[in-house]
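> One structure follows; several queries about it will come next.
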Amino acid sequence: MVEELVAAGVSVASVGLVYVMAGARVVKQYERGVVLRLGRLRPEVRGPGFTMIVPFVDRLRKVNIQIVTLPIPAQEGITRDNVTVRVDAVVYFKVVEAADAIIQVEDYRFAVSQMAQTSLRSIIGKSDLDDLLSNREKLNQGLELMIDSPAIGWGVQIDRVEIKDVSLPETMKRSMARQAEADRERRARVINADAELQASKKLAQAAEVMSEQPAALQLRLLQTVVAVAAEKNSTLVLPFPVELLRFLERAQQGGPPQQPDQAREPAPRRSARPPEPEEPRQDGGSAASAAPQQASTAPWSAVPEQPAGVREPVASSSDDPPKGSKTRQD
């Protein structure tokens with residue numbers, strides 16, 4: 001009898017142990033447990049730790065309440081300014097109501113993913129290309145509101161939405177590159193023009209200062225020579241100083257000082273050109289015979305004197321007397 005009671009007690013203990021083991025559950029810290037008893041939702045949500053359910057009657061479903069990172073596949077769409085783009089994004093969300101995430105929607109992850117793709121296509125069609133490229137913060141906020149509105153009923157809270165990349169066609173990339181290059185060239189030309197204007201003003205001021213001090217121009221010339229001479233791959237040609245050229249010019253205009261013995265200016269030499277014919281004189285003499293008299297009246301002659309008895313040769317002309325005629329000798 002005692003043995004039967006002991007065997008029965010051991011059997012009951014074994015059944016109780018199996019029952020406890022079948023109904024024991026452990027909920028982790030980042031999870032919440034939703035209990036369905038015979039298909040009906042139990043109002044209490046099991047927190048983290050050890051919990052018990054009725055075996056074969058209750059069913060415990062664990063819901064992760066961590067923030068989930070859900071990538072959105074690249075969506076192709078046409079912007080408001082008729083540009084075809086491909087945009088991909090990422091959604092960060094978490095479950096705040098575990099019971100609603102189990103009861104209200106079949107698969108809350110898939111539902112959030114589809115809603116995010118639809119909202120991304122919608123936001124592409126409502127935005128311009130410049131907004132997609134430069135004003136992403138505003139688009140992220142709009143996309144977050146579009147996804148969060150239906151997700152509230154699913155017990156899901158959208159933490160944030162980020163647009164990762166915007167893919168453009170190759171033709172659009174080349175057009176934007178040309179536009180950026182033209183804009184940079186325009187700014188470079190404006191900067192160069194402004195620099196030229198400022199440099200011209202400074203040069204005008206420098207010219208006024210140099211006009212007051214002529215020696216400053218020589219100093220500036222020497223500075224330029226030093227700057228050019230620093231480059232060893234160039235040949236430097238130095239011009240004559242301006243002051244030296246002016247000195248030579250004044251010297252050529254005034255002439256060199258004369259010596260005392262050269263104060264008298266020599267008479268020009270008698271030209272070899274034959275004398276012009278003159279009318280015959282009344283006394284029968286010719287112009288050629290009078291020429292020696294005129295020459296003798298000159299104060300001095302550059303032609304060396306001939307010894308006495310030697311006749312000076314006279315150039316012949318068509319008006320000279322014939323060979324048989326005689327001329328008068330002084």
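Following the order of the structure tokens, first chain is A, next is B, and so on, with residues numbered from 1 inside each chain and ligands from 1 in the order they appear.
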With a distance cut-off of 12 Å and only C-alpha atoms, select the neighbouring residues of range 12-29 of chain A, excluding the residue or stretch itself and same-chain residues fewer than 5 positions from it, and output the selection as a list in words.

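Non-adjacent residues within range: Leu5, Val6, Ala7, Val34, Val35, Val45, Arg46, Gly47, Pro48, Gly49, Phe50, Thr51, Met52, Ile53, Val54, Pro55, Phe56, Val57, Asp58, Arg59, Leu60, Arg61, Lys62, Val63, Asn64, Ile65 and Gln66 of chain A.
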
> May I have all residues of range 105-236 of chain A that DSSP, computed from the backbone, assigns to strand (DSSP E), given as JSON, numbers by chain?

{"A": [156, 157, 158, 159, 160, 161, 162, 163, 164, 165, 166, 167]}

> Quick one: residues within 7 Å of range 100-107 of chain A, only C-alpha atoms counted, chain neighbours fewer than 3 positions away excluded, as a list in words?

Glu97, Phe110, Ala111, Trp154, Gly155 and Val156 of chain A

> Grab the residues selected above and save them as a tab-separated table (two decimals), in the first residue's frame with N, CA and C atoms.


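Final output, saved to selection.tsv:
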chain	number	residue	atom	x	y	z
A	97	GLU	N	3.24	48.90	-29.88
A	97	GLU	CA	2.09	48.15	-29.39
A	97	GLU	C	2.20	46.73	-29.93
A	110	PHE	N	6.55	43.45	-43.68
A	110	PHE	CA	6.22	43.52	-45.10
A	110	PHE	C	5.31	44.72	-45.38
A	111	ALA	N	4.39	44.98	-44.47
A	111	ALA	CA	3.49	46.12	-44.66
A	111	ALA	C	4.24	47.44	-44.65
A	154	TRP	N	-0.97	50.03	-36.90
A	154	TRP	CA	-0.35	48.71	-36.83
A	154	TRP	C	0.51	48.56	-35.57
A	155	GLY	N	0.51	49.55	-34.71
A	155	GLY	CA	1.34	49.48	-33.52
A	155	GLY	C	2.81	49.71	-33.83
A	156	VAL	N	3.08	50.35	-34.94
A	156	VAL	CA	4.46	50.58	-35.37
A	156	VAL	C	4.71	52.09	-35.40

> Identify, on the basis of only C-alpha atoms, every residue whose closest approach to range 73-88 of chain A does not exceed 9 Å; exclude the query and any residue fewer than 6 positions from it along the same chain; express the result as a ChimeraX atom specification.

/A:117-118,120-129,132,162-169,172
